Structures are given as C-alpha cells and as structure tokens.
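S.K.: Structure file input.cif (mmCIF, C-alpha atoms) right here:
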```cif
data_target
loop_
_atom_site.label_atom_id
_atom_site.label_comp_id
_atom_site.auth_asym_id
_atom_site.auth_seq_id
_atom_site.Cartn_x
_atom_site.Cartn_y
_atom_site.Cartn_z
CA MET A 1 -7.10 20.53 59.18
CA GLY A 2 -8.29 19.81 62.69
CA ASP A 3 -11.22 22.07 62.10
CA PHE A 4 -12.12 20.24 58.91
CA MET A 5 -12.00 16.81 60.56
CA GLN A 6 -14.16 18.01 63.37
CA LYS A 7 -16.77 19.40 61.07
CA GLY A 8 -16.58 16.62 58.49
CA PHE A 9 -17.62 17.32 54.85
CA ILE A 10 -20.89 17.29 52.99
CA PHE A 11 -21.46 14.05 51.11
CA SER A 12 -24.33 14.55 48.74
CA LEU A 13 -25.77 12.09 46.25
CA ASP A 14 -24.99 14.62 43.51
CA ALA A 15 -21.30 14.57 44.43
CA ALA A 16 -21.22 10.78 44.56
CA PHE A 17 -22.91 10.57 41.17
CA SER A 18 -20.46 13.09 39.67
CA VAL A 19 -17.45 11.22 41.02
CA LEU A 20 -18.87 7.97 39.64
CA LEU A 21 -19.35 9.62 36.25
CA ILE A 22 -15.81 11.00 36.24
CA PHE A 23 -14.33 7.59 37.09
CA THR A 24 -16.42 5.92 34.39
CA ALA A 25 -15.34 8.54 31.84
CA CYS A 26 -11.69 8.04 32.87
CA ALA A 27 -12.01 4.25 32.56
CA VAL A 28 -13.56 4.52 29.08
CA PHE A 29 -10.93 7.06 28.07
CA LEU A 30 -8.04 4.87 29.24
CA SER A 31 -9.47 1.75 27.66
CA HIS A 32 -10.02 3.58 24.37
CA THR A 33 -6.49 4.98 24.46
CA ALA A 34 -5.09 1.49 25.08
CA GLY A 35 -7.14 0.21 22.11
CA ILE A 36 -5.81 2.96 19.85
CA TYR A 37 -2.24 2.29 20.98
CA SER A 38 -2.52 -1.42 20.32
CA ALA A 39 -4.16 -0.93 16.88
CA GLN A 40 -1.60 1.70 15.87
CA LYS A 41 1.29 -0.50 16.99
CA GLU A 42 0.02 -3.39 14.85
CA GLU A 43 -0.64 -1.09 11.91
CA ILE A 44 2.84 0.46 12.11
CA LYS A 45 4.39 -3.04 12.12
CA ASP A 46 2.27 -4.11 9.12
CA PHE A 47 3.07 -0.94 7.26
CA SER A 48 6.79 -1.27 7.98
CA GLU A 49 6.79 -4.79 6.52
CA PHE A 50 4.73 -3.67 3.53
CA ARG A 51 7.17 -0.80 2.92
CA LYS A 52 10.21 -3.11 3.01
CA ALA A 53 8.52 -5.67 0.74
CA SER A 54 7.36 -3.13 -1.84
CA SER A 55 10.79 -1.46 -1.81
CA LEU A 56 12.49 -4.79 -2.54
CA LEU A 57 10.15 -5.55 -5.44
CA ASN A 58 10.61 -2.01 -6.73
CA LEU A 59 14.37 -2.47 -6.58
CA THR A 60 14.20 -5.80 -8.44
CA VAL A 61 12.10 -4.26 -11.22
CA ASN A 62 13.83 -0.91 -11.58
CA ASP A 63 17.49 -1.51 -10.84
CA ARG A 64 20.31 -3.87 -11.77
CA ASN A 65 22.69 -5.63 -9.44
CA GLU A 66 24.66 -8.48 -10.95
CA SER A 67 25.93 -9.80 -7.63
CA ASN A 68 22.43 -10.02 -6.11
CA PRO A 69 19.50 -10.13 -8.58
CA LEU A 70 17.02 -9.43 -5.77
CA TYR A 71 18.47 -5.94 -5.60
CA GLY A 72 18.04 -5.42 -9.32
CA SER A 73 17.20 -7.61 -12.29
CA ALA A 74 16.42 -4.96 -14.86
CA PHE A 75 17.99 -5.19 -18.30
CA HIS A 76 20.96 -2.99 -19.07
CA ASP A 77 20.76 -1.54 -22.58
CA SER A 78 24.37 -0.99 -23.58
CA GLY A 79 23.30 1.03 -26.62
CA LYS A 80 21.32 3.50 -24.53
CA LYS A 81 23.82 3.15 -21.66
CA ARG A 82 21.09 2.80 -19.07
CA VAL A 83 19.10 0.32 -17.09
CA MET A 84 15.64 -0.24 -18.55
CA GLU A 85 12.99 -0.07 -15.84
CA ASN A 86 10.30 -2.77 -16.00
CA LEU A 87 12.33 -4.76 -18.53
CA ILE A 88 13.50 -7.84 -16.64
CA ASP A 89 16.67 -9.61 -17.68
CA TYR A 90 15.58 -13.26 -17.33
CA SER A 91 19.16 -14.55 -17.32
CA LEU A 92 19.79 -12.45 -14.20
CA LEU A 93 16.45 -13.00 -12.47
CA GLU A 94 16.71 -16.78 -12.67
CA LYS A 95 19.77 -16.58 -10.38
CA ALA A 96 17.71 -14.97 -7.60
CA GLU A 97 17.24 -16.93 -4.41
CA ALA A 98 14.37 -16.65 -1.97
CA GLY A 99 14.93 -16.61 1.77
CA LEU A 100 16.05 -13.02 2.20
CA TYR A 101 15.03 -11.77 5.65
CA LEU A 102 13.54 -8.29 5.77
CA GLY A 103 12.84 -8.45 9.49
CA LYS A 104 13.29 -10.72 12.47
CA ASP A 105 10.88 -13.39 11.24
CA PHE A 106 9.71 -11.85 7.98
CA PHE A 107 11.18 -13.17 4.76
CA LEU A 108 10.85 -13.48 0.98
CA GLN A 109 9.33 -16.91 0.40
CA LYS A 110 8.77 -17.08 -3.35
CA ILE A 111 9.32 -15.28 -6.64
CA SER A 112 7.30 -16.24 -9.68
CA LEU A 113 6.20 -14.96 -13.06
CA ILE A 114 2.63 -15.15 -14.35
CA PHE A 115 2.24 -14.77 -18.09
CA GLU A 116 -0.71 -13.56 -20.12
CA ASN A 117 -1.85 -17.15 -20.81
CA SER A 118 -2.10 -17.62 -17.00
CA THR A 119 0.87 -19.99 -16.78
CA GLU A 120 3.07 -19.57 -13.75
CA GLU A 121 6.80 -20.02 -13.68
CA ILE A 122 8.38 -20.29 -10.25
CA ILE A 123 11.79 -18.65 -10.20
CA THR A 124 12.68 -19.50 -6.61
CA GLU A 125 10.82 -20.78 -3.58
CA ILE A 126 11.81 -21.68 -0.05
CA GLY A 127 9.92 -23.46 2.75
CA ASN A 128 6.54 -22.39 4.03
CA GLY A 129 5.39 -19.51 6.12
CA ARG A 130 2.34 -18.02 7.75
CA ASN A 131 0.50 -14.70 7.36
CA CYS A 132 1.80 -14.36 3.83
CA PHE A 133 1.01 -11.63 1.34
CA VAL A 134 1.87 -11.21 -2.33
CA LEU A 135 2.98 -8.11 -4.19
CA GLU A 136 3.04 -7.94 -7.97
CA ARG A 137 4.32 -5.67 -10.72
CA PHE A 138 3.74 -5.63 -14.45
CA VAL A 139 6.92 -6.10 -16.51
CA ILE A 140 8.35 -7.29 -19.80
CA VAL A 141 10.59 -10.32 -19.37
CA LYS A 142 13.51 -10.35 -21.77
CA TYR A 143 14.75 -13.79 -22.72
CA ALA A 144 17.71 -14.39 -25.06
CA LEU A 145 15.53 -14.35 -28.18
CA GLU A 146 12.12 -13.05 -27.19
CA LYS A 147 10.21 -10.78 -24.85
CA LYS A 148 7.06 -11.66 -22.92
CA LYS A 149 4.72 -9.53 -20.84
CA ALA A 150 4.26 -10.90 -17.35
CA LYS A 151 3.46 -10.11 -13.76
CA ILE A 152 6.33 -10.64 -11.37
CA LEU A 153 5.10 -11.83 -8.00
CA MET A 154 6.90 -11.82 -4.68
CA ARG A 155 5.39 -13.68 -1.74
CA PHE A 156 6.42 -12.56 1.73
CA CYS A 157 5.75 -14.61 4.85
CA HIS A 158 6.37 -14.83 8.57
CA GLU A 159 8.15 -17.82 10.07
CA MET B 1 -4.69 34.48 42.02
CA ASN B 2 -5.57 34.75 45.68
CA ARG B 3 -9.18 34.09 44.95
CA GLY B 4 -8.47 31.08 42.66
CA PHE B 5 -11.09 30.00 40.14
CA ILE B 6 -14.06 27.68 40.18
CA PHE B 7 -13.44 24.33 38.51
CA SER B 8 -16.61 22.32 38.74
CA TYR B 9 -17.25 18.64 38.19
CA ASP B 10 -19.28 19.68 35.16
CA ALA B 11 -16.17 21.29 33.62
CA LEU B 12 -14.13 18.17 34.38
CA LEU B 13 -16.73 15.95 32.74
CA PHE B 14 -16.84 18.24 29.74
CA LEU B 15 -13.05 18.14 29.41
CA ALA B 16 -13.04 14.34 29.64
CA ALA B 17 -15.75 14.10 26.97
CA VAL B 18 -13.91 16.51 24.64
CA SER B 19 -10.58 14.67 25.09
CA PHE B 20 -12.34 11.41 24.33
CA LEU B 21 -13.80 12.82 21.11
CA VAL B 22 -10.51 14.38 20.02
CA LEU B 23 -8.65 11.11 20.57
CA GLN B 24 -11.27 9.23 18.61
CA MET B 25 -10.86 11.61 15.70
CA ALA B 26 -7.06 11.39 15.87
CA TYR B 27 -7.17 7.68 15.06
CA LEU B 28 -7.23 7.45 11.29
CA PRO B 29 -6.57 3.94 9.99
CA ALA B 30 -4.16 3.77 7.05
CA GLU B 31 -6.05 3.29 3.79
CA GLY B 32 -3.32 4.20 1.36
CA LYS B 33 -1.84 0.78 0.57
CA GLU B 34 -4.26 -0.24 -2.15
CA HIS B 35 -4.18 3.23 -3.68
CA PHE B 36 -0.37 3.05 -3.78
CA LEU B 37 -0.35 -0.43 -5.36
CA ILE B 38 -2.82 0.61 -8.06
CA LEU B 39 -0.81 3.72 -8.84
CA GLN B 40 2.37 1.63 -9.08
CA LYS B 41 0.70 -0.76 -11.55
CA GLN B 42 -0.62 2.16 -13.58
CA HIS B 43 2.95 3.48 -13.86
CA ASP B 44 4.15 0.00 -14.85
CA LEU B 45 1.56 -0.20 -17.62
CA VAL B 46 2.44 3.23 -18.98
CA LYS B 47 6.17 2.40 -18.90
CA VAL B 48 5.59 -0.87 -20.76
CA TRP B 49 3.39 0.84 -23.39
CA LEU B 50 6.04 3.53 -23.86
CA MET B 51 8.74 0.86 -24.16
CA GLU B 52 6.72 -0.94 -26.82
CA GLY B 53 6.17 2.36 -28.55
CA SER B 54 2.67 1.48 -29.68
CA PHE B 55 -0.63 2.37 -28.13
CA GLU B 56 -2.71 -0.17 -29.97
CA LYS B 57 -6.21 -0.41 -28.51
CA GLY B 58 -6.44 -4.23 -28.43
CA SER B 59 -3.06 -4.64 -26.77
CA ILE B 60 -3.86 -1.99 -24.15
CA ALA B 61 -7.19 -3.66 -23.35
CA ARG B 62 -5.48 -7.05 -22.95
CA ASP B 63 -2.86 -5.59 -20.61
CA LEU B 64 -5.50 -3.83 -18.53
CA ASN B 65 -7.53 -6.99 -18.06
CA PHE B 66 -4.35 -8.89 -17.21
CA VAL B 67 -3.12 -6.42 -14.60
CA PHE B 68 -6.50 -5.42 -13.14
CA PRO B 69 -8.61 -8.58 -13.51
CA ASN B 70 -11.10 -7.68 -10.75
CA LYS B 71 -11.21 -3.95 -11.17
CA SER B 72 -12.72 -1.52 -13.60
CA GLY B 73 -11.67 1.73 -15.13
CA SER B 74 -10.90 3.54 -18.32
CA VAL B 75 -8.07 4.84 -20.44
CA TYR B 76 -8.46 7.86 -22.68
CA PHE B 77 -5.66 8.27 -25.18
CA GLY B 78 -6.02 10.96 -27.78
CA ASN B 79 -9.42 10.25 -29.30
CA GLU B 80 -9.44 6.62 -28.17
CA LYS B 81 -11.41 5.42 -25.17
CA ILE B 82 -10.74 2.01 -23.66
CA ILE B 83 -12.98 0.70 -20.92
CA PHE B 84 -12.13 -2.37 -18.90
CA GLY B 85 -13.90 -4.42 -16.21
CA SER B 86 -17.44 -3.82 -15.12
CA GLN B 87 -18.21 -0.12 -15.26
CA LYS B 88 -20.65 -0.25 -12.36
CA SER B 89 -18.95 2.17 -10.03
CA LYS B 90 -21.74 1.93 -7.45
CA GLY B 91 -20.32 0.82 -4.14
CA LYS B 92 -16.75 1.19 -5.34
CA ARG B 93 -14.18 3.59 -3.98
CA ALA B 94 -13.07 6.70 -5.80
CA SER B 95 -10.83 6.05 -8.74
CA VAL B 96 -7.08 6.54 -8.88
CA VAL B 97 -6.41 8.89 -11.76
CA GLU B 98 -3.16 9.20 -13.62
CA CYS B 99 -2.75 11.81 -16.32
CA ILE B 100 0.32 12.08 -18.52
CA TYR B 101 1.29 13.74 -21.79
CA ILE B 102 3.08 11.63 -24.37
CA LYS B 103 5.36 13.23 -26.89
CA GLY B 104 5.29 11.73 -30.38
CA PRO B 105 4.62 13.31 -33.75
CA GLU B 106 2.13 15.27 -31.66
CA ILE B 107 1.58 15.61 -27.92
CA ARG B 108 -1.22 13.35 -26.76
CA LYS B 109 -2.85 13.17 -23.37
CA LEU B 110 -3.34 9.85 -21.61
CA THR B 111 -5.83 9.73 -18.75
CA PHE B 112 -5.99 6.50 -16.84
CA SER B 113 -8.48 5.83 -14.05
CA VAL B 114 -9.09 2.72 -11.96
CA PHE B 115 -11.92 2.14 -9.50
CA TYR B 116 -11.14 0.12 -6.44
#
```
Now that the file is in, can you turn its structure into structure tokens?
M.R.:
Amino acid sequence: MGDFMQKGFIFSLDAAFSVLLIFTACAVFLSHTAGIYSAQKEEIKDFSEFRKASSLLNLTVNDRNESNPLYGSAFHDSGKKRVMENLIDYSLLEKAEAGLYLGKDFFLQKISLIFENSTEEIITEIGNGRNCFVLERFVIVKYALEKKKAKILMRFCHE
Amino acid sequence: MNRGFIFSYDALLFLAAVSFLVLQMAYLPAEGKEHFLILQKQHDLVKVWLMEGSFEKGSIARDLNFVFPNKSGSVYFGNEKIIFGSQKSKGKRASVVECIYIKGPEIRKLTFSVFY
C-alpha cells in the first residue's frame, strides 16, 4: 500500500473517458429501470382493478344470488333446473344497488341497460367519481311478460 | 485462480449495454384487455343466439352492429356469410377469431372474427 501511494497511479484520458462512460451507462440503466418499475406498478394496479370489475360483471351476468343481485342476476329456469347465463332476471337486477367497493377508493358507480333502440335505463347510480371506465356485456333481459336484448353496462370509478 | 482474469472496462461497458437491452426487451406492456373484452362479447353473442335457437341472418347482423358499433368483422355460419362494419382492415389490429360447432339437425360450423 505504501509502495502504491509513493508511486501514485497512471491517470490517462482513456481511463477517465471510460469511467465517465460507465457512470453514464449506469445512470441511464438506473433511470430506465426506475421508469419500468413505475410503469409496471401502475399497469398492475390498473389490471387488478380491471380484473375485479370484469369479474363482478361476469358474476352478475352468469350467476344468481337472491340476497345480492350484484353477485348474480341471471334467470333460474326451474324446468331445466339451472341458471341461464346471459339471461337477466329483471325483477332481481332492479334490486341491485351501486356503491360496492372493489378496492380502497374504487367502486361501482352505475349500472344501466342500453336497448337496441338506443334507450338507456338506469338501474342504480350513486354519486360521482373520477377516472371512470365502463364495461359492458350483451344479454337478454327477461321481464315478467317479455324478453329484450340489451347491453348491461357497469361504470366503475375512483373516489 | 492465482493469476486471476482480465476484466477490462470494455467488457464492463459491454455488460452494461447488454443488460440495458435485455431490460428494455423484458418490458412488454399489457395489450390483452381489448382482446379479452371482444372475446367475451363474442361468447355473449353466441350464447344469446343459441338461447334464441335461431340463426336468422337479419337478426345476427342487427346484434353484431349493436354490440360492435365501431368495429368490423364477419360471421360465417354454414353457407351464410354476414359482414358487419367497414371491412377496411388496413391499419386495424389482427382479428379475434372464435370458431365453434353447433349441433342441430346437422353439425354446422360458426366462425366469428372481429377486427380491432
């Protein structure tokens, strides 16, 4: 060590340039990694909310739950002894209530039906939100005496 | 081991550059949402048509335009061909194709594609 200090070390322009290049590459690398991390984090959050929202709508359309129509509003055919997917029991769906939280500040804001003649029927709606998105499914709505084709829409928002 | 090995600045730079490229390639943004939603609607349409029990051309065309108002695609059912939306696929993404066999008096194939 003493020997080294006495003799010093060779400081060439090449070495300085290389070190500068390495530091620059490291800085770019770290900044890029941070960018990827931040983008992925946001995307995972978005995807998680999308997954919860689409699962809820899927449940409403394909299942039946008489105590909570949000968890299933499909019609039960007693003759066939099964729940009819994509056939919505209007008498059950109309009891649904918006406001279900699927995350800390992420909730179901509105449920509506859009019919083939473009008329919209709001089933339930609550407050306002920001950064909303809408998911829709194609169904047949079964009323007491008739059936109508419609799109069922669920609007999800952040507080 | 006593002699060690030479690890030059060049090698270090090369490693940094390669890591940078690999990381860049590893980042693949999710593009599956729209594909999934289209596929879900295609299934809905097929379920509704099966529930109705009729594959009448006019009714199918109406449903397609109702569910996919801003998209284009086609449905082949037996010998019938139903086209909806603008068929200009230039600039559009690859279609989502659904193919099912429907059992009736005879087995018929239904091929359903949507451009997005």
S.K.: Could you tell me which residues the PyMOL selection byres ((chain A) within 7 of (chain B)) grabs in this file, written as a PyMOL selection string?
M.R.: chain A and resi 18+22+25+29+36+86+116+137-139
S.K.: In Å, with one decimal, what is the gap from atom CA of A:Ser118 to atom CA of A:Leu57?
M.R.: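 Separation between atom CA of A:Ser118 and atom CA of A:Leu57: 20.7 Å.
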S.K.: Provide the atom CA of B:Ile107 to atom CA of B:Leu50 distance in Å, to one decimal place.
M.R.: 13.5 Å
S.K.: Between atom CA of A:Ser31 and atom CA of A:Asn131, what is the spacing in Å?
M.R.: 28.0 Å
S.K.: Pick out the residues sitting within 10 Å of A:Asn117, and hand them over as a ChimeraX atom specification; count only C-alpha atoms, and ignore anything fewer than 3 positions along from it in its own chain.
M.R.: /A:114,120,150 /B:66
S.K.: Identify which of the residues A:Lys41, A:His76, A:Lys52, A:Lys142 lies closest to A:Gly103, counting all atoms listed in the file when measuring atom-to-atom distances.
M.R.: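 With all atoms listed in the file as the atom set, the closest residue is A:Lys52.
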S.K.: Can you list, as number ranges by chain, the residues that the PyMOL selection byres ((chain B and resi 99) around 12) selects here?
M.R.: B: 39, 42-43, 46, 74-78, 96-98, 100-102, 108-114
S.K.: Name the residues that the PyMOL selection byres ((chain A and resi 95) around 9) pulls out of this structure, and write them as a list in words.
M.R.: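 With the PyMOL selection byres ((chain A and resi 95) around 9) on this model, the match is Asn68, Pro69, Leu70, Tyr90, Ser91, Leu92, Leu93, Glu94, Ala96, Glu97, Ile123 and Thr124 of chain A.
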S.K.: Point out the residue among B:Ile82, B:Phe7, B:Phe36, B:Phe115 with the least atom-to-atom distance to A:Arg51, counting all atoms listed in the file.
M.R.: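 Checking each of B:Ile82, B:Phe7, B:Phe36, B:Phe115 against A:Arg51, counting all atoms listed in the file, the winner is B:Phe36.
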S.K.: Just so I have it separately, write stretch 39-53 of chain B from the block I sent, keeping all heavy atoms, as a PDB file, in the first residue's frame.
M.R.:
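The result, written out as selection.pdb:
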```pdb
ATOM      1  N   LEU B  39     -63.518 -10.969 -27.032  1.00  0.00           N
ATOM      2  CA  LEU B  39     -63.789 -12.406 -26.941  1.00  0.00           C
ATOM      3  C   LEU B  39     -65.004 -12.671 -26.043  1.00  0.00           C
ATOM      4  O   LEU B  39     -65.866 -13.500 -26.364  1.00  0.00           O
ATOM      5  CB  LEU B  39     -62.550 -13.111 -26.375  1.00  0.00           C
ATOM      6  CG  LEU B  39     -62.426 -14.603 -26.623  1.00  0.00           C
ATOM      7  CD1 LEU B  39     -62.373 -14.896 -28.112  1.00  0.00           C
ATOM      8  CD2 LEU B  39     -61.171 -15.141 -25.972  1.00  0.00           C
ATOM      9  N   GLN B  40     -65.091 -11.929 -24.946  1.00  0.00           N
ATOM     10  CA  GLN B  40     -66.206 -12.077 -24.016  1.00  0.00           C
ATOM     11  C   GLN B  40     -67.535 -11.726 -24.715  1.00  0.00           C
ATOM     12  O   GLN B  40     -68.534 -12.427 -24.573  1.00  0.00           O
ATOM     13  CB  GLN B  40     -65.985 -11.123 -22.847  1.00  0.00           C
ATOM     14  CG  GLN B  40     -66.379 -11.686 -21.526  1.00  0.00           C
ATOM     15  CD  GLN B  40     -65.963 -10.791 -20.382  1.00  0.00           C
ATOM     16  OE1 GLN B  40     -65.859  -9.583 -20.522  1.00  0.00           O
ATOM     17  NE2 GLN B  40     -65.740 -11.374 -19.240  1.00  0.00           N
ATOM     18  N   LYS B  41     -67.516 -10.642 -25.508  1.00  0.00           N
ATOM     19  CA  LYS B  41     -68.737 -10.231 -26.216  1.00  0.00           C
ATOM     20  C   LYS B  41     -69.089 -11.241 -27.307  1.00  0.00           C
ATOM     21  O   LYS B  41     -70.270 -11.493 -27.568  1.00  0.00           O
ATOM     22  CB  LYS B  41     -68.547  -8.838 -26.829  1.00  0.00           C
ATOM     23  CG  LYS B  41     -68.595  -7.736 -25.797  1.00  0.00           C
ATOM     24  CD  LYS B  41     -68.478  -6.408 -26.497  1.00  0.00           C
ATOM     25  CE  LYS B  41     -68.275  -5.286 -25.521  1.00  0.00           C
ATOM     26  NZ  LYS B  41     -67.914  -4.036 -26.192  1.00  0.00           N
ATOM     27  N   GLN B  42     -68.081 -11.800 -27.939  1.00  0.00           N
ATOM     28  CA  GLN B  42     -68.345 -12.837 -28.952  1.00  0.00           C
ATOM     29  C   GLN B  42     -69.057 -14.026 -28.298  1.00  0.00           C
ATOM     30  O   GLN B  42     -70.036 -14.546 -28.834  1.00  0.00           O
ATOM     31  CB  GLN B  42     -67.035 -13.306 -29.581  1.00  0.00           C
ATOM     32  CG  GLN B  42     -66.456 -12.337 -30.583  1.00  0.00           C
ATOM     33  CD  GLN B  42     -65.162 -12.867 -31.174  1.00  0.00           C
ATOM     34  OE1 GLN B  42     -64.281 -13.322 -30.462  1.00  0.00           O
ATOM     35  NE2 GLN B  42     -65.038 -12.807 -32.481  1.00  0.00           N
ATOM     36  N   HIS B  43     -68.564 -14.426 -27.121  1.00  0.00           N
ATOM     37  CA  HIS B  43     -69.196 -15.540 -26.401  1.00  0.00           C
ATOM     38  C   HIS B  43     -70.633 -15.184 -26.037  1.00  0.00           C
ATOM     39  O   HIS B  43     -71.530 -16.030 -26.148  1.00  0.00           O
ATOM     40  CB  HIS B  43     -68.414 -15.868 -25.129  1.00  0.00           C
ATOM     41  CG  HIS B  43     -67.109 -16.534 -25.391  1.00  0.00           C
ATOM     42  ND1 HIS B  43     -66.133 -16.682 -24.452  1.00  0.00           N
ATOM     43  CD2 HIS B  43     -66.614 -17.086 -26.517  1.00  0.00           C
ATOM     44  CE1 HIS B  43     -65.106 -17.307 -24.975  1.00  0.00           C
ATOM     45  NE2 HIS B  43     -65.365 -17.558 -26.228  1.00  0.00           N
ATOM     46  N   ASP B  44     -70.831 -13.925 -25.592  1.00  0.00           N
ATOM     47  CA  ASP B  44     -72.185 -13.480 -25.231  1.00  0.00           C
ATOM     48  C   ASP B  44     -73.122 -13.611 -26.429  1.00  0.00           C
ATOM     49  O   ASP B  44     -74.244 -14.119 -26.296  1.00  0.00           O
ATOM     50  CB  ASP B  44     -72.171 -12.006 -24.791  1.00  0.00           C
ATOM     51  CG  ASP B  44     -71.529 -11.823 -23.430  1.00  0.00           C
ATOM     52  OD1 ASP B  44     -71.390 -12.810 -22.704  1.00  0.00           O
ATOM     53  OD2 ASP B  44     -71.158 -10.679 -23.105  1.00  0.00           O
ATOM     54  N   LEU B  45     -72.656 -13.141 -27.572  1.00  0.00           N
ATOM     55  CA  LEU B  45     -73.493 -13.194 -28.780  1.00  0.00           C
ATOM     56  C   LEU B  45     -73.858 -14.637 -29.128  1.00  0.00           C
ATOM     57  O   LEU B  45     -75.026 -14.944 -29.384  1.00  0.00           O
ATOM     58  CB  LEU B  45     -72.771 -12.540 -29.962  1.00  0.00           C
ATOM     59  CG  LEU B  45     -72.810 -11.010 -29.977  1.00  0.00           C
ATOM     60  CD1 LEU B  45     -71.731 -10.450 -30.882  1.00  0.00           C
ATOM     61  CD2 LEU B  45     -74.167 -10.511 -30.450  1.00  0.00           C
ATOM     62  N   VAL B  46     -72.860 -15.496 -29.093  1.00  0.00           N
ATOM     63  CA  VAL B  46     -73.117 -16.906 -29.445  1.00  0.00           C
ATOM     64  C   VAL B  46     -74.107 -17.528 -28.454  1.00  0.00           C
ATOM     65  O   VAL B  46     -75.027 -18.242 -28.851  1.00  0.00           O
ATOM     66  CB  VAL B  46     -71.790 -17.704 -29.509  1.00  0.00           C
ATOM     67  CG1 VAL B  46     -72.068 -19.185 -29.697  1.00  0.00           C
ATOM     68  CG2 VAL B  46     -70.920 -17.200 -30.645  1.00  0.00           C
ATOM     69  N   LYS B  47     -73.935 -17.201 -27.159  1.00  0.00           N
ATOM     70  CA  LYS B  47     -74.848 -17.753 -26.141  1.00  0.00           C
ATOM     71  C   LYS B  47     -76.277 -17.273 -26.379  1.00  0.00           C
ATOM     72  O   LYS B  47     -77.223 -18.047 -26.268  1.00  0.00           O
ATOM     73  CB  LYS B  47     -74.378 -17.340 -24.738  1.00  0.00           C
ATOM     74  CG  LYS B  47     -73.296 -18.233 -24.180  1.00  0.00           C
ATOM     75  CD  LYS B  47     -73.121 -17.968 -22.705  1.00  0.00           C
ATOM     76  CE  LYS B  47     -71.778 -17.395 -22.413  1.00  0.00           C
ATOM     77  NZ  LYS B  47     -71.535 -17.069 -21.022  1.00  0.00           N
ATOM     78  N   VAL B  48     -76.415 -15.979 -26.707  1.00  0.00           N
ATOM     79  CA  VAL B  48     -77.749 -15.423 -26.947  1.00  0.00           C
ATOM     80  C   VAL B  48     -78.371 -16.061 -28.192  1.00  0.00           C
ATOM     81  O   VAL B  48     -79.543 -16.441 -28.182  1.00  0.00           O
ATOM     82  CB  VAL B  48     -77.680 -13.883 -27.062  1.00  0.00           C
ATOM     83  CG1 VAL B  48     -78.962 -13.313 -27.629  1.00  0.00           C
ATOM     84  CG2 VAL B  48     -77.399 -13.269 -25.701  1.00  0.00           C
ATOM     85  N   TRP B  49     -77.588 -16.228 -29.259  1.00  0.00           N
ATOM     86  CA  TRP B  49     -78.123 -16.853 -30.481  1.00  0.00           C
ATOM     87  C   TRP B  49     -78.543 -18.291 -30.202  1.00  0.00           C
ATOM     88  O   TRP B  49     -79.564 -18.756 -30.694  1.00  0.00           O
ATOM     89  CB  TRP B  49     -77.089 -16.808 -31.607  1.00  0.00           C
ATOM     90  CG  TRP B  49     -76.750 -15.419 -32.061  1.00  0.00           C
ATOM     91  CD1 TRP B  49     -77.550 -14.317 -31.964  1.00  0.00           C
ATOM     92  CD2 TRP B  49     -75.529 -14.971 -32.659  1.00  0.00           C
ATOM     93  NE1 TRP B  49     -76.901 -13.209 -32.452  1.00  0.00           N
ATOM     94  CE2 TRP B  49     -75.663 -13.579 -32.898  1.00  0.00           C
ATOM     95  CE3 TRP B  49     -74.336 -15.580 -33.025  1.00  0.00           C
ATOM     96  CZ2 TRP B  49     -74.655 -12.819 -33.478  1.00  0.00           C
ATOM     97  CZ3 TRP B  49     -73.331 -14.830 -33.601  1.00  0.00           C
ATOM     98  CH2 TRP B  49     -73.494 -13.458 -33.830  1.00  0.00           C
ATOM     99  N   LEU B  50     -77.731 -18.992 -29.401  1.00  0.00           N
ATOM    100  CA  LEU B  50     -78.083 -20.379 -29.063  1.00  0.00           C
ATOM    101  C   LEU B  50     -79.355 -20.421 -28.223  1.00  0.00           C
ATOM    102  O   LEU B  50     -80.200 -21.302 -28.397  1.00  0.00           O
ATOM    103  CB  LEU B  50     -76.939 -21.062 -28.310  1.00  0.00           C
ATOM    104  CG  LEU B  50     -75.751 -21.485 -29.160  1.00  0.00           C
ATOM    105  CD1 LEU B  50     -74.580 -21.906 -28.286  1.00  0.00           C
ATOM    106  CD2 LEU B  50     -76.121 -22.634 -30.088  1.00  0.00           C
ATOM    107  N   MET B  51     -79.486 -19.443 -27.305  1.00  0.00           N
ATOM    108  CA  MET B  51     -80.669 -19.388 -26.449  1.00  0.00           C
ATOM    109  C   MET B  51     -81.916 -19.137 -27.293  1.00  0.00           C
ATOM    110  O   MET B  51     -82.975 -19.700 -27.040  1.00  0.00           O
ATOM    111  CB  MET B  51     -80.497 -18.267 -25.434  1.00  0.00           C
ATOM    112  CG  MET B  51     -81.018 -18.604 -24.064  1.00  0.00           C
ATOM    113  SD  MET B  51     -80.878 -17.263 -22.901  1.00  0.00           S
ATOM    114  CE  MET B  51     -79.234 -16.695 -23.021  1.00  0.00           C
ATOM    115  N   GLU B  52     -81.768 -18.265 -28.282  1.00  0.00           N
ATOM    116  CA  GLU B  52     -82.910 -17.967 -29.158  1.00  0.00           C
ATOM    117  C   GLU B  52     -83.210 -19.143 -30.073  1.00  0.00           C
ATOM    118  O   GLU B  52     -84.333 -19.301 -30.543  1.00  0.00           O
ATOM    119  CB  GLU B  52     -82.594 -16.742 -30.022  1.00  0.00           C
ATOM    120  CG  GLU B  52     -82.644 -15.435 -29.244  1.00  0.00           C
ATOM    121  CD  GLU B  52     -82.474 -14.250 -30.166  1.00  0.00           C
ATOM    122  OE1 GLU B  52     -81.598 -14.307 -31.063  1.00  0.00           O
ATOM    123  OE2 GLU B  52     -83.211 -13.279 -29.998  1.00  0.00           O
ATOM    124  N   GLY B  53     -82.197 -19.911 -30.353  1.00  0.00           N
ATOM    125  CA  GLY B  53     -82.374 -21.102 -31.175  1.00  0.00           C
ATOM    126  C   GLY B  53     -82.481 -20.835 -32.665  1.00  0.00           C
ATOM    127  O   GLY B  53     -82.680 -21.753 -33.446  1.00  0.00           O
TER     128      GLY B  53
END
```
